[in-house]
Amino acid sequence: MKGQCDMATTAGMEEYETVRARIAGQFTTEKDIPKAIFSDPAIYREELKRIFRGHYWHMVAHRAELPEANSFKTFWLGETPVLLTRGEDETLRAFVNTCTHRGTLLEQRATGCSKEFECPYHRWLFSNKGNFIGGPGRRDFRSDFVAEDYALREFQVDEIAGLIFCSAAPQVGLEEWLGQCAGHVRDVMLDDGRLTLLGYQNAIFNANWKTYFDNDFYHAPLLHMGFRLLSWHGGQGEVRVEEPVGHFSVGYESSPYEDNGFLADPSLVEMKGTDARARVVALRPAYVLTKHLDTISVRFVRPLGVDRTQVTYAFFGHESDSPEYQAHRVRQASNLLGPSGMITIEDAAVFNRQQMTSRDGGMSRFVVGVDRPAAEARQNDENGNTAGWAYYREVMGFDR
Ligand code: FES
Ligand SMILES: [Fe+2]
């Protein structure tokens, strides 16, 4: 990931050092976050480098989104475009989705099936293994042209229970990165990962990407009236906080809605399946998996700037589902999450209020349960948040 962005990075680095020095006196612990962290453009630019092009593993797809050989998916890691391919040999590969000639976005479609990718500008052709295949006027190419030097730049890719992750510069393997949260990840994927994609929804939040991801469990029964309809077991779950990175997951059992006459049609919150495992897994830096009742959803978070964040909700069923069961899953999932989801709508309003005040020079403080060690964390504590902030402070160069 070296090249033409390095000069801009050096100038940005000086600016970041100035901002970091100014904030450091306020940002002395993971429990007290200066709100400038959510609104300063220099911090945002440094996050793109250290987090989205750094050593983090990013959850980027499920295999069901690339259902056959030669399938592909495009997405963004921060401001870096990525092309994920599934080869004829079943190998998954991820590349910077940028033509190595003059730097044009190579593939524009969100998903599809293709062995080759042609850049629209001068029609250079690349294979889904990332190789340069050819381009018009080849005989007149510069004398030092070597095709291998023009291969697409590649990320590392790994997979767990059908979920695909990639990283620009991993320091540890994926299993180690996920730690004890890996078990809950497998649970959401129904152990075998043989899921089918039911569809996507997108929502754009007027909030910093960390504001979105820092949604705590403390608020859940207090803000979300909808949880009362969902038999949410506030405080009862098995909590896993994975240090040092700060992934956070909660596991509990879904229980069916007890009809109290509140809903005219309680079929929306019925559990038709037999797998009662419910899980919410929040993976740093910004990815969420949810299994609740019959809903299976993963959320991909893309920063669009310091105060805008796009969240793509992908909804899944299992390969063994009947068409009726699939339809039920879609109806239930999109009423829970996504742009029309009752949980999302309430969260979006609060995130917007947080962002509106993020330039007032104040602090965002974690209070509940934060003196408990991570191993003793409870579901509605805020120390699921502070573990991730401790890691963030280290990655962004604030002293621990
Ligand atoms: S920029 Fe892609 S072929 Fe020229
Ligand atoms: Fe929420």
# chains A, B, ... in the order shown; residues from 1 in each chain; ligands from 1
>>> residues_around(residues="stretch 166-183 of chain A", least_positions_apart="6", cutoff="7 Å", atoms="only C-alpha atoms", output="list in words")
Arg53, Gly54, His55, Tyr56, Trp57, His58, Met59, Val60, Phe155, Gln156, Val157, Asp158, Arg240, Glu242 and Ser249 of chain A
>>> write_last_selection(atoms="all heavy atoms", output="compact mmCIF listing (two decimals), in the first residue's frame")
# COMPACT_ATOMS: atom_id res chain seq x y z
N ARG A 53 -6.53 1.09 6.60
CA ARG A 53 -5.45 0.53 5.78
C ARG A 53 -4.36 -0.05 6.66
O ARG A 53 -3.25 -0.28 6.19
CB ARG A 53 -4.85 1.62 4.86
CG ARG A 53 -5.81 2.15 3.81
CD ARG A 53 -5.07 2.78 2.63
NE ARG A 53 -4.07 3.77 3.01
CZ ARG A 53 -4.33 5.09 3.14
NH1 ARG A 53 -5.53 5.54 2.91
NH2 ARG A 53 -3.37 5.92 3.48
N GLY A 54 -4.67 -0.30 7.91
CA GLY A 54 -3.68 -0.80 8.85
C GLY A 54 -3.81 -2.30 9.10
O GLY A 54 -4.18 -3.05 8.21
N HIS A 55 -3.56 -2.71 10.34
CA HIS A 55 -3.45 -4.14 10.63
C HIS A 55 -4.78 -4.79 11.03
O HIS A 55 -4.83 -6.00 11.24
CB HIS A 55 -2.42 -4.34 11.75
CG HIS A 55 -2.87 -3.81 13.08
ND1 HIS A 55 -2.69 -2.50 13.45
CD2 HIS A 55 -3.52 -4.41 14.11
CE1 HIS A 55 -3.20 -2.32 14.65
NE2 HIS A 55 -3.71 -3.45 15.08
N TYR A 56 -5.84 -4.01 11.17
CA TYR A 56 -7.13 -4.59 11.57
C TYR A 56 -7.62 -5.59 10.52
O TYR A 56 -7.40 -5.41 9.32
CB TYR A 56 -8.19 -3.48 11.67
CG TYR A 56 -8.11 -2.63 12.91
CD1 TYR A 56 -7.05 -1.76 13.13
CD2 TYR A 56 -9.12 -2.67 13.86
CE1 TYR A 56 -7.00 -0.96 14.26
CE2 TYR A 56 -9.08 -1.86 14.99
CZ TYR A 56 -8.02 -1.02 15.19
OH TYR A 56 -7.98 -0.23 16.30
N TRP A 57 -8.32 -6.63 10.98
CA TRP A 57 -9.08 -7.50 10.08
C TRP A 57 -10.48 -6.89 9.92
O TRP A 57 -11.14 -6.58 10.93
CB TRP A 57 -9.22 -8.90 10.67
CG TRP A 57 -8.02 -9.76 10.49
CD1 TRP A 57 -7.07 -10.05 11.44
CD2 TRP A 57 -7.63 -10.48 9.31
NE1 TRP A 57 -6.11 -10.88 10.92
CE2 TRP A 57 -6.43 -11.16 9.61
CE3 TRP A 57 -8.16 -10.61 8.02
CZ2 TRP A 57 -5.77 -11.96 8.68
CZ3 TRP A 57 -7.50 -11.40 7.10
CH2 TRP A 57 -6.33 -12.07 7.43
N HIS A 58 -10.93 -6.73 8.69
CA HIS A 58 -12.24 -6.12 8.42
C HIS A 58 -13.21 -7.18 7.89
O HIS A 58 -12.87 -7.89 6.93
CB HIS A 58 -12.10 -5.00 7.39
CG HIS A 58 -11.21 -3.88 7.86
ND1 HIS A 58 -11.70 -2.82 8.58
CD2 HIS A 58 -9.87 -3.70 7.76
CE1 HIS A 58 -10.70 -1.99 8.87
NE2 HIS A 58 -9.58 -2.52 8.40
N MET A 59 -14.38 -7.24 8.48
CA MET A 59 -15.41 -8.16 7.98
C MET A 59 -16.01 -7.55 6.71
O MET A 59 -16.55 -6.44 6.75
CB MET A 59 -16.49 -8.35 9.05
CG MET A 59 -17.51 -9.41 8.69
SD MET A 59 -18.77 -9.56 9.98
CE MET A 59 -19.82 -8.17 9.59
N VAL A 60 -15.90 -8.26 5.59
CA VAL A 60 -16.24 -7.61 4.32
C VAL A 60 -17.35 -8.32 3.53
O VAL A 60 -17.91 -7.72 2.60
CB VAL A 60 -14.99 -7.47 3.42
CG1 VAL A 60 -13.98 -6.53 4.08
CG2 VAL A 60 -14.33 -8.82 3.14
N PHE A 155 -4.81 -7.58 -0.78
CA PHE A 155 -4.99 -7.69 0.67
C PHE A 155 -4.89 -9.16 1.09
O PHE A 155 -5.08 -10.06 0.27
CB PHE A 155 -6.39 -7.20 1.08
CG PHE A 155 -6.63 -5.74 0.90
CD1 PHE A 155 -7.16 -5.26 -0.29
CD2 PHE A 155 -6.36 -4.85 1.92
CE1 PHE A 155 -7.41 -3.91 -0.46
CE2 PHE A 155 -6.60 -3.49 1.75
CZ PHE A 155 -7.13 -3.02 0.57
N GLN A 156 -4.71 -9.38 2.38
CA GLN A 156 -4.81 -10.75 2.90
C GLN A 156 -6.28 -11.05 3.17
O GLN A 156 -7.04 -10.17 3.59
CB GLN A 156 -4.02 -10.88 4.20
CG GLN A 156 -2.55 -10.70 3.95
CD GLN A 156 -1.71 -11.78 4.62
OE1 GLN A 156 -2.22 -12.84 4.96
NE2 GLN A 156 -0.45 -11.47 4.80
N VAL A 157 -6.66 -12.29 2.94
CA VAL A 157 -8.06 -12.70 3.11
C VAL A 157 -8.10 -13.94 3.98
O VAL A 157 -7.25 -14.82 3.88
CB VAL A 157 -8.71 -13.01 1.74
CG1 VAL A 157 -10.14 -13.50 1.91
CG2 VAL A 157 -8.70 -11.77 0.85
N ASP A 158 -9.11 -14.01 4.86
CA ASP A 158 -9.33 -15.24 5.63
C ASP A 158 -10.83 -15.37 5.88
O ASP A 158 -11.60 -14.43 5.65
CB ASP A 158 -8.54 -15.22 6.94
CG ASP A 158 -8.25 -16.63 7.44
OD1 ASP A 158 -8.83 -17.60 6.89
OD2 ASP A 158 -7.45 -16.77 8.38
N ARG A 240 -18.81 -11.57 26.40
CA ARG A 240 -17.40 -11.81 26.09
C ARG A 240 -16.78 -10.49 25.63
O ARG A 240 -17.26 -9.89 24.67
CB ARG A 240 -17.26 -12.86 24.99
CG ARG A 240 -17.77 -14.22 25.41
CD ARG A 240 -17.67 -15.24 24.31
NE ARG A 240 -18.27 -16.51 24.73
CZ ARG A 240 -18.40 -17.58 23.96
NH1 ARG A 240 -17.98 -17.55 22.71
NH2 ARG A 240 -18.93 -18.68 24.44
N GLU A 242 -13.24 -9.20 24.28
CA GLU A 242 -11.96 -9.75 23.81
C GLU A 242 -10.89 -8.67 23.87
O GLU A 242 -10.92 -7.70 23.11
CB GLU A 242 -12.12 -10.29 22.38
CG GLU A 242 -10.85 -10.87 21.80
CD GLU A 242 -10.29 -12.04 22.59
OE1 GLU A 242 -11.08 -12.74 23.27
OE2 GLU A 242 -9.07 -12.25 22.55
N SER A 249 -19.18 -9.28 22.61
CA SER A 249 -20.33 -10.05 22.17
C SER A 249 -21.15 -10.50 23.36
O SER A 249 -20.65 -10.68 24.47
CB SER A 249 -19.90 -11.24 21.30
OG SER A 249 -19.31 -12.24 22.07
>>> residues_around(residues="A:Val330", least_positions_apart="2", cutoff="8 Å", atoms="only C-alpha atoms", output="PyMOL selection string")
chain A and resi 198+295+315+326-328+332-334
>>> write_last_selection(atoms="C-alpha atoms", output="PDB file, in the first residue's frame")
ATOM      1  CA  LEU A 198     -31.892 -12.520   1.386  1.00  0.00           C
ATOM      2  CA  THR A 295     -33.268 -12.537  12.178  1.00  0.00           C
ATOM      3  CA  PHE A 315     -29.907 -10.165   5.744  1.00  0.00           C
ATOM      4  CA  GLN A 326     -37.307 -16.903   4.165  1.00  0.00           C
ATOM      5  CA  ALA A 327     -40.138 -14.402   3.672  1.00  0.00           C
ATOM      6  CA  HIS A 328     -40.733 -14.360   7.429  1.00  0.00           C
ATOM      7  CA  GLN A 332     -38.904  -9.625  10.732  1.00  0.00           C
ATOM      8  CA  ALA A 333     -35.291  -8.551  10.066  1.00  0.00           C
ATOM      9  CA  SER A 334     -36.176  -5.375   8.151  1.00  0.00           C
TER      10      SER A 334
END
>>> residues_near_ligand(ligand="ligand 1", cutoff="9 Å", atoms="only C-alpha atoms and all ligand atoms", output="NGL selection string")
:A and (98-106 or 118-125 or 135-136)
>>> residues_near_ligand(ligand="ligand 2", cutoff="6 Å", atoms="only C-alpha atoms and all ligand atoms", output="ChimeraX atom specification")
/A:215,220,343,347
>>> write_last_selection(atoms="all heavy atoms", output="mmCIF file, in the first residue's frame")
data_model
loop_
_atom_site.group_PDB
_atom_site.id
_atom_site.type_symbol
_atom_site.label_atom_id
_atom_site.label_comp_id
_atom_site.auth_asym_id
_atom_site.auth_seq_id
_atom_site.Cartn_x
_atom_site.Cartn_y
_atom_site.Cartn_z
ATOM 1 N N ASN A 215 -22.303 2.378 20.056
ATOM 2 C CA ASN A 215 -23.628 2.137 20.609
ATOM 3 C C ASN A 215 -23.464 1.092 21.745
ATOM 4 O O ASN A 215 -22.963 0.012 21.525
ATOM 5 C CB ASN A 215 -24.472 1.550 19.471
ATOM 6 C CG ASN A 215 -25.949 1.681 19.695
ATOM 7 O OD1 ASN A 215 -26.708 0.900 19.156
ATOM 8 N ND2 ASN A 215 -26.379 2.637 20.460
ATOM 9 N N ALA A 220 -29.887 0.131 25.711
ATOM 10 C CA ALA A 220 -30.847 -0.686 24.951
ATOM 11 C C ALA A 220 -32.256 -0.724 25.566
ATOM 12 O O ALA A 220 -33.229 -0.383 24.902
ATOM 13 C CB ALA A 220 -30.288 -2.075 24.735
ATOM 14 N N ILE A 343 -35.332 -0.338 15.710
ATOM 15 C CA ILE A 343 -34.144 -0.095 16.529
ATOM 16 C C ILE A 343 -33.264 0.973 15.860
ATOM 17 O O ILE A 343 -32.785 1.905 16.506
ATOM 18 C CB ILE A 343 -33.338 -1.410 16.693
ATOM 19 C CG1 ILE A 343 -34.221 -2.514 17.297
ATOM 20 C CG2 ILE A 343 -32.082 -1.178 17.519
ATOM 21 C CD1 ILE A 343 -34.808 -2.193 18.629
ATOM 22 N N ASP A 347 -31.841 4.726 17.195
ATOM 23 C CA ASP A 347 -30.394 4.942 17.313
ATOM 24 C C ASP A 347 -29.957 6.140 16.461
ATOM 25 O O ASP A 347 -29.151 6.964 16.895
ATOM 26 C CB ASP A 347 -29.624 3.699 16.853
ATOM 27 C CG ASP A 347 -29.599 2.610 17.916
ATOM 28 O OD1 ASP A 347 -29.732 2.941 19.103
ATOM 29 O OD2 ASP A 347 -29.439 1.430 17.551
#
>>> closest_residue(among="A:Gly305, A:Gly162, A:Pro81, A:Pro256", to="A:Ala42", atoms="only C-alpha atoms")
A:Gly305
>>> closest_residue(among="A:Thr74, A:Ser322, A:Ser127, A:Thr312", to="A:Leu289", atoms="only C-alpha atoms")
A:Thr312
>>> select_by_dssp(residues="stretch 237-297 of chain A", states="strand (DSSP E)", output="list in words")
Glu238, Val239, Arg240, Val241, Glu242, His247, Phe248, Ser249, Val250, Gly251, Tyr252, Glu253, Arg277, Ala278, Arg279, Val280, Val281, Ala282, Leu283, Tyr287, Val288, Leu289, Thr290, Lys291, His292, Thr295, Ile296 and Ser297 of chain A
>>> closest_residue(among="A:Pro303, A:Gly251, A:Gly226, A:Gly273", to="A:Asn206", atoms="only C-alpha atoms")
A:Pro303
>>> atom_distance(atom1="atom CA of A:Leu92", atom2="atom CA of A:Ser297")
21.7 Å
>>> select_by_dssp(residues="stretch 79-217 of chain A", states="alpha helix (DSSP H)", output="JSON, numbers by chain")
{"A": [174, 175, 176, 177, 178, 182, 183, 184, 185, 186, 187, 188, 209, 210, 211, 212, 213]}
>>> write_last_selection(atoms="N, CA, C and O atoms", output="compact mmCIF listing (two decimals), in the first residue's frame")
# COMPACT_ATOMS: atom_id res chain seq x y z
N LEU A 174 -6.63 -14.46 11.78
CA LEU A 174 -8.01 -14.06 12.04
C LEU A 174 -8.56 -14.67 13.33
O LEU A 174 -9.21 -14.00 14.12
N GLU A 175 -8.30 -15.95 13.53
CA GLU A 175 -8.82 -16.63 14.72
C GLU A 175 -8.29 -15.96 15.99
O GLU A 175 -9.04 -15.73 16.94
N GLU A 176 -7.03 -15.63 15.98
CA GLU A 176 -6.44 -14.95 17.15
C GLU A 176 -7.03 -13.55 17.31
O GLU A 176 -7.27 -13.08 18.42
N TRP A 177 -7.27 -12.88 16.19
CA TRP A 177 -7.83 -11.53 16.22
C TRP A 177 -9.22 -11.54 16.86
O TRP A 177 -9.57 -10.67 17.65
N LEU A 178 -10.02 -12.56 16.53
CA LEU A 178 -11.39 -12.62 17.06
C LEU A 178 -11.42 -13.16 18.49
O LEU A 178 -12.35 -12.85 19.25
N ALA A 182 -14.94 -15.51 18.63
CA ALA A 182 -15.09 -16.36 17.44
C ALA A 182 -16.23 -17.37 17.62
O ALA A 182 -16.95 -17.69 16.67
N GLY A 183 -16.42 -17.85 18.83
CA GLY A 183 -17.49 -18.82 19.09
C GLY A 183 -18.86 -18.22 18.83
O GLY A 183 -19.73 -18.85 18.21
N HIS A 184 -19.08 -16.99 19.27
CA HIS A 184 -20.36 -16.34 19.02
C HIS A 184 -20.53 -16.01 17.53
O HIS A 184 -21.66 -16.04 17.01
N VAL A 185 -19.42 -15.71 16.85
CA VAL A 185 -19.50 -15.48 15.40
C VAL A 185 -20.03 -16.75 14.72
O VAL A 185 -20.94 -16.70 13.89
N ARG A 186 -19.48 -17.90 15.10
CA ARG A 186 -19.95 -19.17 14.52
C ARG A 186 -21.42 -19.43 14.86
O ARG A 186 -22.19 -19.93 14.04
N ASP A 187 -21.81 -19.08 16.07
CA ASP A 187 -23.22 -19.28 16.48
C ASP A 187 -24.17 -18.48 15.58
O ASP A 187 -25.22 -18.99 15.18
N VAL A 188 -23.81 -17.22 15.30
CA VAL A 188 -24.67 -16.40 14.44
C VAL A 188 -24.78 -17.03 13.06
O VAL A 188 -25.84 -16.99 12.41
N TRP A 209 -18.20 7.48 12.31
CA TRP A 209 -18.30 6.01 12.29
C TRP A 209 -18.13 5.42 13.68
O TRP A 209 -18.74 4.40 14.00
N LYS A 210 -17.36 6.08 14.55
CA LYS A 210 -17.16 5.55 15.91
C LYS A 210 -18.40 5.79 16.77
O LYS A 210 -18.70 5.01 17.66
N THR A 211 -19.09 6.90 16.49
CA THR A 211 -20.34 7.16 17.20
C THR A 211 -21.32 6.02 16.90
O THR A 211 -22.00 5.50 17.78
N TYR A 212 -21.38 5.65 15.62
CA TYR A 212 -22.26 4.54 15.24
C TYR A 212 -21.87 3.27 15.99
O TYR A 212 -22.70 2.60 16.61
N PHE A 213 -20.57 2.95 15.94
CA PHE A 213 -20.15 1.66 16.48
C PHE A 213 -20.16 1.65 18.01
O PHE A 213 -20.27 0.58 18.63
>>> residues_around(residues="A:Ala377", least_positions_apart="2", cutoff="12 Å", atoms="only C-alpha atoms", output="JSON, numbers by chain")
{"A": [217, 235, 236, 237, 238, 239, 240, 241, 242, 248, 249, 250, 368, 369, 370, 371, 372, 373, 374, 375, 379, 380, 381, 382, 383, 384, 385, 386, 387]}
>>> atom_distance(atom1="atom CA of A:Arg308", atom2="atom CA of A:Ile204")
6.9 Å
>>> residues_around(residues="A:Glu107", least_positions_apart="2", cutoff="7 Å", atoms="only C-alpha atoms", output="JSON, numbers by chain")
{"A": [97, 105, 109, 117]}
>>> write_last_selection(atoms="N, CA and C atoms", output="PDB file, in the first residue's frame")
ATOM      1  N   ASN A  97      -9.310  -1.922  -5.725  1.00  0.00           N
ATOM      2  CA  ASN A  97     -10.140  -1.897  -6.937  1.00  0.00           C
ATOM      3  C   ASN A  97      -9.784  -0.701  -7.807  1.00  0.00           C
ATOM      4  N   LEU A 105     -11.091   3.807 -11.053  1.00  0.00           N
ATOM      5  CA  LEU A 105     -11.856   2.751 -10.371  1.00  0.00           C
ATOM      6  C   LEU A 105     -12.116   1.641 -11.383  1.00  0.00           C
ATOM      7  N   ARG A 109     -19.682  -2.257 -10.497  1.00  0.00           N
ATOM      8  CA  ARG A 109     -20.862  -2.983 -10.021  1.00  0.00           C
ATOM      9  C   ARG A 109     -20.650  -3.455  -8.582  1.00  0.00           C
ATOM     10  N   PHE A 117     -11.637  -8.269 -15.529  1.00  0.00           N
ATOM     11  CA  PHE A 117     -12.127  -6.914 -15.263  1.00  0.00           C
ATOM     12  C   PHE A 117     -11.428  -5.951 -16.221  1.00  0.00           C
TER      13      PHE A 117
END
>>> residues_around(residues="A:Gly12", least_positions_apart="5", cutoff="9 Å", atoms="only C-alpha atoms", output="PyMOL selection string")
chain A and resi 7+17+42+45-46
>>> closest_residue(among="A:Ala264, A:Val280, A:Leu336, A:Met271", to="A:Met225", atoms="only C-alpha atoms")
A:Leu336
>>> residues_around(residues="A:Asp149", least_positions_apart="4", cutoff="10 Å", atoms="only C-alpha atoms", output="ChimeraX atom specification")
/A:100,131-132,145,153
>>> write_last_selection(atoms="N, CA, C and O atoms", output="PDB file, in the first residue's frame")
ATOM      1  N   THR A 100      -4.083  -0.224 -12.343  1.00  0.00           N
ATOM      2  CA  THR A 100      -2.683   0.114 -12.037  1.00  0.00           C
ATOM      3  C   THR A 100      -2.048   0.972 -13.140  1.00  0.00           C
ATOM      4  O   THR A 100      -0.873   1.295 -13.060  1.00  0.00           O
ATOM      5  N   ASN A 131      -4.018 -10.483 -11.999  1.00  0.00           N
ATOM      6  CA  ASN A 131      -2.921 -10.319 -12.958  1.00  0.00           C
ATOM      7  C   ASN A 131      -3.288  -9.345 -14.073  1.00  0.00           C
ATOM      8  O   ASN A 131      -4.434  -9.323 -14.534  1.00  0.00           O
ATOM      9  N   PHE A 132      -2.281  -8.605 -14.528  1.00  0.00           N
ATOM     10  CA  PHE A 132      -2.443  -7.809 -15.745  1.00  0.00           C
ATOM     11  C   PHE A 132      -2.448  -8.778 -16.920  1.00  0.00           C
ATOM     12  O   PHE A 132      -1.522  -9.574 -17.087  1.00  0.00           O
ATOM     13  N   PHE A 145       8.581  -1.887 -18.887  1.00  0.00           N
ATOM     14  CA  PHE A 145       7.286  -2.420 -18.455  1.00  0.00           C
ATOM     15  C   PHE A 145       7.400  -3.918 -18.168  1.00  0.00           C
ATOM     16  O   PHE A 145       7.851  -4.699 -19.001  1.00  0.00           O
ATOM     17  N   ARG A 153      -2.999  -4.480  -6.522  1.00  0.00           N
ATOM     18  CA  ARG A 153      -2.445  -4.576  -5.162  1.00  0.00           C
ATOM     19  C   ARG A 153      -3.378  -5.420  -4.297  1.00  0.00           C
ATOM     20  O   ARG A 153      -4.592  -5.243  -4.338  1.00  0.00           O
TER      21      ARG A 153
END
>>> atom_distance(atom1="atom CA of A:Asn208", atom2="atom CA of A:Leu66")
29.6 Å
>>> closest_residue(among="A:Arg139, A:Arg50, A:Arg329, A:Lys115", to="A:Leu197", atoms="only C-alpha atoms")
A:Arg329
>>> residues_around(residues="stretch 356-364 of chain A", least_positions_apart="6", cutoff="9 Å", atoms="only C-alpha atoms", output="PyMOL selection string")
chain A and resi 26+31-40+206-207
